[in-house]
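Read through the structure below, which is laid out as structure tokens, and then see the notes.
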Amino acid sequence: MNQIHLGFRKVTVSSSSNDEVGVLIRSFRRMMDQMNHLISEVYEGKIRLQNSEMKALQAQINPHFLYNSLSLINWKAILADQTEISEMAQLLSTFYRTTLNRGKNVTTVQREWDNTSSYVKIQQMLHSGKFEAVLDIDENILGFEILNLLLQPLVENAVVHGLDHKVTEGRKKLEIHGREEQDELVFTVSDNGCGMTEETRKNLLTMESKGYGVQNVHHRIQLYYGEKYGLQYESRVDEGTTVTLRIPKVESKEE
């Protein structure tokens, strides 16, 4: 019982005694089996809920209409010798194609990286090149599996809440890195923007927010991969913020 109190749910106790202690031990074991079963059901239910929310988000956009429209814009831009408009249309097409991911919740690191790269380039164009971006990834991890739409919300957060509010001198800079550490994949998104207070940093992953924010990313990771994985933030006011994303290395099942 003390072990259960400390959080160890996989406690095995057995007894063949027919006295009161034996009955108590067997009842305690049945109770623990039932509790673990219910906990598993709750986690599985949350995962199904998160998956359905993601599919609902993806289904809000008609992909064929979107791709056809962007393709038409691209060709009209090429005919008019408008290279910047053509590039924007192609980036948007890549971004939404990888975001929708054919309705699947899991993708490859390669596709997630393509999605993030397209989003960064779009943001640079929207900001008229006012921030520098460095994207660096270990090519050995591109074939591994990752939940869809994990990196882009972190980048959006860095741009909208970090770089856009930078008041200190110096060029705005965004850095995104991907690497492997033993049996884990580690991604970092850093900005030299306004940063945040320690209180805000501590509460960031539990604060209620509108839309699809970093809290959703953190919760999806933990529900799918386990509580040892997720997001970790480091930040200093007027210096910038770094978020680290950790997930286990899982070989992709896609061909």
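Each chain of the structure tokens is named A, B, ... in the order shown, its residues numbered from 1; ligands are numbered from 1 in display order.
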
Name the residues in contact with Ser117 in chain A at a cut-off of 9 Å, using only C-alpha atoms, excluding same-chain residues fewer than 3 positions from it; report them as a ChimeraX atom specification.
/A:91,95,112-114,120-122,135,152

From a DSSP calculation on the backbone, collect every residue of range 29-239 of chain A in strand (DSSP E) and output the set as a PyMOL selection string.
chain A and resi 106-108+131-137+145-147+172-181+184-191+230-236

Excluding range 136-151 of chain A and residues on its chain fewer than 6 positions from it, collect all residues at most 6 Å away from it, counting only C-alpha atoms, and give them as number ranges by chain.
A: 105-110, 177-179, 217, 250-252

Next, write the just-selected residues to a file, as a PDB file, in the first residue's frame, keeping N, CA, C and O atoms as the atom set.
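Saved file again-v7.pdb follows:
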```
ATOM      1  N   ASN A 105      -2.737  10.549 -38.438  1.00  0.00           N
ATOM      2  CA  ASN A 105      -2.262  11.224 -37.242  1.00  0.00           C
ATOM      3  C   ASN A 105      -0.746  11.107 -37.080  1.00  0.00           C
ATOM      4  O   ASN A 105      -0.136  11.866 -36.338  1.00  0.00           O
ATOM      5  N   VAL A 106      -0.150  10.134 -37.771  1.00  0.00           N
ATOM      6  CA  VAL A 106       1.290   9.880 -37.659  1.00  0.00           C
ATOM      7  C   VAL A 106       1.933  10.073 -39.016  1.00  0.00           C
ATOM      8  O   VAL A 106       1.367   9.711 -40.053  1.00  0.00           O
ATOM      9  N   THR A 107       3.124  10.681 -39.022  1.00  0.00           N
ATOM     10  CA  THR A 107       3.825  10.925 -40.265  1.00  0.00           C
ATOM     11  C   THR A 107       5.299  10.583 -40.074  1.00  0.00           C
ATOM     12  O   THR A 107       5.684   9.977 -39.063  1.00  0.00           O
ATOM     13  N   THR A 108       6.136  10.965 -41.025  1.00  0.00           N
ATOM     14  CA  THR A 108       7.579  10.771 -40.890  1.00  0.00           C
ATOM     15  C   THR A 108       8.221  12.102 -40.488  1.00  0.00           C
ATOM     16  O   THR A 108       7.649  13.173 -40.709  1.00  0.00           O
ATOM     17  N   VAL A 109       9.403  12.009 -39.910  1.00  0.00           N
ATOM     18  CA  VAL A 109      10.142  13.220 -39.561  1.00  0.00           C
ATOM     19  C   VAL A 109      10.405  14.051 -40.820  1.00  0.00           C
ATOM     20  O   VAL A 109      10.356  15.279 -40.779  1.00  0.00           O
ATOM     21  N   GLN A 110      10.647  13.373 -41.953  1.00  0.00           N
ATOM     22  CA  GLN A 110      10.895  14.075 -43.212  1.00  0.00           C
ATOM     23  C   GLN A 110       9.715  14.977 -43.560  1.00  0.00           C
ATOM     24  O   GLN A 110       9.902  16.160 -43.879  1.00  0.00           O
ATOM     25  N   HIS A 177      16.386  22.864 -34.642  1.00  0.00           N
ATOM     26  CA  HIS A 177      17.343  21.773 -34.779  1.00  0.00           C
ATOM     27  C   HIS A 177      16.658  20.436 -34.480  1.00  0.00           C
ATOM     28  O   HIS A 177      15.748  20.366 -33.644  1.00  0.00           O
ATOM     29  N   GLY A 178      17.097  19.398 -35.159  1.00  0.00           N
ATOM     30  CA  GLY A 178      16.597  18.046 -34.922  1.00  0.00           C
ATOM     31  C   GLY A 178      17.766  17.079 -34.857  1.00  0.00           C
ATOM     32  O   GLY A 178      18.630  17.086 -35.740  1.00  0.00           O
ATOM     33  N   ARG A 179      17.791  16.227 -33.832  1.00  0.00           N
ATOM     34  CA  ARG A 179      18.897  15.287 -33.672  1.00  0.00           C
ATOM     35  C   ARG A 179      18.415  14.055 -32.906  1.00  0.00           C
ATOM     36  O   ARG A 179      17.271  14.010 -32.442  1.00  0.00           O
ATOM     37  N   VAL A 217       0.052  20.267 -28.032  1.00  0.00           N
ATOM     38  CA  VAL A 217       1.212  19.496 -28.485  1.00  0.00           C
ATOM     39  C   VAL A 217       1.754  18.654 -27.338  1.00  0.00           C
ATOM     40  O   VAL A 217       2.010  17.453 -27.485  1.00  0.00           O
ATOM     41  N   VAL A 250      11.032   5.749 -33.077  1.00  0.00           N
ATOM     42  CA  VAL A 250      10.160   4.682 -33.578  1.00  0.00           C
ATOM     43  C   VAL A 250      10.310   4.622 -35.088  1.00  0.00           C
ATOM     44  O   VAL A 250      10.116   5.625 -35.778  1.00  0.00           O
ATOM     45  N   GLU A 251      10.653   3.456 -35.605  1.00  0.00           N
ATOM     46  CA  GLU A 251      10.801   3.306 -37.053  1.00  0.00           C
ATOM     47  C   GLU A 251       9.461   3.517 -37.735  1.00  0.00           C
ATOM     48  O   GLU A 251       8.427   3.013 -37.284  1.00  0.00           O
ATOM     49  N   SER A 252       9.468   4.276 -38.837  1.00  0.00           N
ATOM     50  CA  SER A 252       8.225   4.510 -39.570  1.00  0.00           C
ATOM     51  C   SER A 252       7.767   3.240 -40.282  1.00  0.00           C
ATOM     52  O   SER A 252       8.587   2.478 -40.799  1.00  0.00           O
TER      53      SER A 252
END
```

Tell me, as an mmCIF file with N, CA, C and O atoms, in the first residue's frame, which residues lie within 12 Å of range 25-30 of chain A, counting only C-alpha atoms; anything in the same chain fewer than 2 positions away does not count.
```cif
data_model
loop_
_atom_site.group_PDB
_atom_site.id
_atom_site.type_symbol
_atom_site.label_atom_id
_atom_site.label_comp_id
_atom_site.auth_asym_id
_atom_site.auth_seq_id
_atom_site.Cartn_x
_atom_site.Cartn_y
_atom_site.Cartn_z
ATOM 1 N N MET A 1 0.832 -1.214 0.000
ATOM 2 C CA MET A 1 0.000 0.000 0.000
ATOM 3 C C MET A 1 0.860 1.255 0.000
ATOM 4 O O MET A 1 0.521 2.255 -0.647
ATOM 5 N N ILE A 4 1.983 1.838 -3.553
ATOM 6 C CA ILE A 4 0.907 2.457 -4.327
ATOM 7 C C ILE A 4 0.844 3.944 -4.014
ATOM 8 O O ILE A 4 0.697 4.782 -4.905
ATOM 9 N N ARG A 9 2.277 1.582 -9.555
ATOM 10 C CA ARG A 9 1.010 0.883 -9.771
ATOM 11 C C ARG A 9 1.199 -0.600 -10.085
ATOM 12 O O ARG A 9 0.280 -1.391 -9.944
ATOM 13 N N LYS A 10 2.383 -0.984 -10.548
ATOM 14 C CA LYS A 10 2.627 -2.378 -10.908
ATOM 15 C C LYS A 10 3.136 -3.154 -9.689
ATOM 16 O O LYS A 10 4.271 -3.617 -9.631
ATOM 17 N N VAL A 11 2.293 -3.258 -8.677
ATOM 18 C CA VAL A 11 2.646 -3.979 -7.455
ATOM 19 C C VAL A 11 1.970 -5.345 -7.471
ATOM 20 O O VAL A 11 0.756 -5.436 -7.648
ATOM 21 N N THR A 12 2.767 -6.410 -7.310
ATOM 22 C CA THR A 12 2.221 -7.765 -7.329
ATOM 23 C C THR A 12 2.272 -8.356 -5.922
ATOM 24 O O THR A 12 3.343 -8.472 -5.321
ATOM 25 N N VAL A 13 1.113 -8.690 -5.390
ATOM 26 C CA VAL A 13 1.012 -9.299 -4.069
ATOM 27 C C VAL A 13 0.158 -10.556 -4.198
ATOM 28 O O VAL A 13 -0.889 -10.541 -4.843
ATOM 29 N N SER A 14 0.621 -11.657 -3.609
ATOM 30 C CA SER A 14 -0.150 -12.901 -3.712
ATOM 31 C C SER A 14 -0.139 -13.631 -2.374
ATOM 32 O O SER A 14 0.783 -13.472 -1.562
ATOM 33 N N SER A 15 -1.162 -14.413 -2.173
ATOM 34 C CA SER A 15 -1.267 -15.197 -0.945
ATOM 35 C C SER A 15 -2.246 -16.344 -1.170
ATOM 36 O O SER A 15 -3.271 -16.185 -1.825
ATOM 37 N N SER A 16 -1.913 -17.517 -0.613
ATOM 38 C CA SER A 16 -2.817 -18.675 -0.689
ATOM 39 C C SER A 16 -3.481 -18.944 0.653
ATOM 40 O O SER A 16 -4.215 -19.913 0.811
ATOM 41 N N SER A 17 -3.225 -18.047 1.594
ATOM 42 C CA SER A 17 -3.786 -18.211 2.929
ATOM 43 C C SER A 17 -5.291 -17.984 2.903
ATOM 44 O O SER A 17 -5.796 -17.161 2.151
ATOM 45 N N ASN A 18 -6.011 -18.714 3.752
ATOM 46 C CA ASN A 18 -7.466 -18.575 3.817
ATOM 47 C C ASN A 18 -7.929 -17.707 4.992
ATOM 48 O O ASN A 18 -9.128 -17.585 5.230
ATOM 49 N N ASP A 19 -6.972 -17.138 5.723
ATOM 50 C CA ASP A 19 -7.372 -16.292 6.852
ATOM 51 C C ASP A 19 -7.698 -14.879 6.360
ATOM 52 O O ASP A 19 -7.701 -14.604 5.152
ATOM 53 N N GLU A 20 -7.954 -13.980 7.320
ATOM 54 C CA GLU A 20 -8.370 -12.620 6.961
ATOM 55 C C GLU A 20 -7.314 -11.884 6.137
ATOM 56 O O GLU A 20 -7.637 -11.140 5.203
ATOM 57 N N VAL A 21 -6.038 -12.106 6.456
ATOM 58 C CA VAL A 21 -4.953 -11.427 5.724
ATOM 59 C C VAL A 21 -4.908 -11.913 4.283
ATOM 60 O O VAL A 21 -4.729 -11.126 3.344
ATOM 61 N N GLY A 22 -5.106 -13.220 4.077
ATOM 62 C CA GLY A 22 -5.120 -13.759 2.710
ATOM 63 C C GLY A 22 -6.257 -13.178 1.895
ATOM 64 O O GLY A 22 -6.082 -12.820 0.720
ATOM 65 N N VAL A 23 -7.450 -13.097 2.499
ATOM 66 C CA VAL A 23 -8.603 -12.503 1.815
ATOM 67 C C VAL A 23 -8.320 -11.039 1.491
ATOM 68 O O VAL A 23 -8.621 -10.552 0.395
ATOM 69 N N MET A 32 -6.345 -3.557 -7.461
ATOM 70 C CA MET A 32 -5.271 -2.953 -8.252
ATOM 71 C C MET A 32 -5.402 -3.315 -9.730
ATOM 72 O O MET A 32 -5.175 -2.480 -10.607
ATOM 73 N N ASP A 33 -5.753 -4.563 -10.036
ATOM 74 C CA ASP A 33 -5.948 -4.967 -11.428
ATOM 75 C C ASP A 33 -7.048 -4.150 -12.078
ATOM 76 O O ASP A 33 -6.916 -3.687 -13.227
ATOM 77 N N GLN A 34 -8.144 -3.961 -11.342
ATOM 78 C CA GLN A 34 -9.263 -3.198 -11.876
ATOM 79 C C GLN A 34 -8.884 -1.727 -12.056
ATOM 80 O O GLN A 34 -9.229 -1.102 -13.068
ATOM 81 N N MET A 35 -8.140 -1.177 -11.086
ATOM 82 C CA MET A 35 -7.733 0.219 -11.171
ATOM 83 C C MET A 35 -6.815 0.450 -12.376
ATOM 84 O O MET A 35 -6.988 1.413 -13.127
ATOM 85 N N ASN A 36 -5.854 -0.456 -12.580
ATOM 86 C CA ASN A 36 -4.946 -0.323 -13.721
ATOM 87 C C ASN A 36 -5.690 -0.456 -15.043
ATOM 88 O O ASN A 36 -5.376 0.226 -16.019
ATOM 89 N N HIS A 37 -6.685 -1.337 -15.075
ATOM 90 C CA HIS A 37 -7.492 -1.493 -16.284
ATOM 91 C C HIS A 37 -8.264 -0.217 -16.586
ATOM 92 O O HIS A 37 -8.317 0.245 -17.738
#
```

May I ask which of the residues A:Gly230, A:Thr206, A:Gly193, A:Leu185 is the closest one to Lys249 in chain A, counting only C-alpha atoms?
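The shortest atom-to-atom distance to Lys249 in chain A comes from A:Leu185.
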
Which residues are near Leu204 in chain A? Cut-off 10 Å, only C-alpha atoms, ignore same chain within fewer than 4 positions. Put them as a list in words.
Met196, Glu198, Glu199, Thr200, Glu208, Ser209, Val214, Gln215, Gln232 and Tyr233 of chain A

Selection file, N, CA, C and O atoms, as a PDB file, in the first residue's frame:
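In the end it all went to out14.pdb:
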```
ATOM      1  N   MET A 196      10.045  35.328 -21.596  1.00  0.00           N
ATOM      2  CA  MET A 196       8.892  35.335 -20.683  1.00  0.00           C
ATOM      3  C   MET A 196       9.372  35.236 -19.248  1.00  0.00           C
ATOM      4  O   MET A 196      10.514  34.840 -18.978  1.00  0.00           O
ATOM      5  N   GLU A 198       9.523  33.825 -15.320  1.00  0.00           N
ATOM      6  CA  GLU A 198       9.618  32.465 -14.785  1.00  0.00           C
ATOM      7  C   GLU A 198       8.233  31.924 -14.443  1.00  0.00           C
ATOM      8  O   GLU A 198       7.942  30.745 -14.650  1.00  0.00           O
ATOM      9  N   GLU A 199       7.365  32.771 -13.944  1.00  0.00           N
ATOM     10  CA  GLU A 199       6.003  32.338 -13.603  1.00  0.00           C
ATOM     11  C   GLU A 199       5.249  31.890 -14.846  1.00  0.00           C
ATOM     12  O   GLU A 199       4.574  30.854 -14.836  1.00  0.00           O
ATOM     13  N   THR A 200       5.362  32.674 -15.934  1.00  0.00           N
ATOM     14  CA  THR A 200       4.702  32.306 -17.184  1.00  0.00           C
ATOM     15  C   THR A 200       5.277  30.997 -17.729  1.00  0.00           C
ATOM     16  O   THR A 200       4.541  30.135 -18.193  1.00  0.00           O
ATOM     17  N   GLU A 208      -4.793  27.533 -19.999  1.00  0.00           N
ATOM     18  CA  GLU A 208      -5.831  27.393 -21.012  1.00  0.00           C
ATOM     19  C   GLU A 208      -5.557  28.381 -22.148  1.00  0.00           C
ATOM     20  O   GLU A 208      -5.161  29.510 -21.912  1.00  0.00           O
ATOM     21  N   SER A 209      -5.747  27.927 -23.381  1.00  0.00           N
ATOM     22  CA  SER A 209      -5.535  28.818 -24.519  1.00  0.00           C
ATOM     23  C   SER A 209      -6.552  28.520 -25.598  1.00  0.00           C
ATOM     24  O   SER A 209      -7.094  27.424 -25.669  1.00  0.00           O
ATOM     25  N   VAL A 214       0.569  25.199 -27.752  1.00  0.00           N
ATOM     26  CA  VAL A 214       1.634  24.305 -27.295  1.00  0.00           C
ATOM     27  C   VAL A 214       1.124  23.321 -26.241  1.00  0.00           C
ATOM     28  O   VAL A 214       1.674  22.224 -26.095  1.00  0.00           O
ATOM     29  N   GLN A 215       0.076  23.693 -25.508  1.00  0.00           N
ATOM     30  CA  GLN A 215      -0.481  22.766 -24.530  1.00  0.00           C
ATOM     31  C   GLN A 215      -0.996  21.507 -25.215  1.00  0.00           C
ATOM     32  O   GLN A 215      -0.805  20.391 -24.726  1.00  0.00           O
ATOM     33  N   GLN A 232       9.683  20.979 -22.974  1.00  0.00           N
ATOM     34  CA  GLN A 232      10.345  21.637 -21.850  1.00  0.00           C
ATOM     35  C   GLN A 232      10.801  23.011 -22.314  1.00  0.00           C
ATOM     36  O   GLN A 232      11.465  23.144 -23.347  1.00  0.00           O
ATOM     37  N   TYR A 233      10.440  24.049 -21.541  1.00  0.00           N
ATOM     38  CA  TYR A 233      10.750  25.423 -21.920  1.00  0.00           C
ATOM     39  C   TYR A 233      11.844  26.024 -21.034  1.00  0.00           C
ATOM     40  O   TYR A 233      11.879  25.794 -19.825  1.00  0.00           O
TER      41      TYR A 233
END
```

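Among the candidate residues A:Lys173, A:Arg201, A:Lys46, A:His161, the one lying nearest to His219 in chain A is A:Lys46, with distances computed using only C-alpha atoms.
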
Given only C-alpha atoms as the counted atoms, nearest of A:Arg102, A:Arg111, A:Arg171, A:Arg97 to Ala133 in chain A:
A:Arg171

Restricting the calculation to only C-alpha atoms, which member of A:Pro248, A:Phe131, A:Leu154, A:His5 is positioned closest to Lys228 in chain A?
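Closest to Lys228 in chain A, using only C-alpha atoms: A:Pro248.
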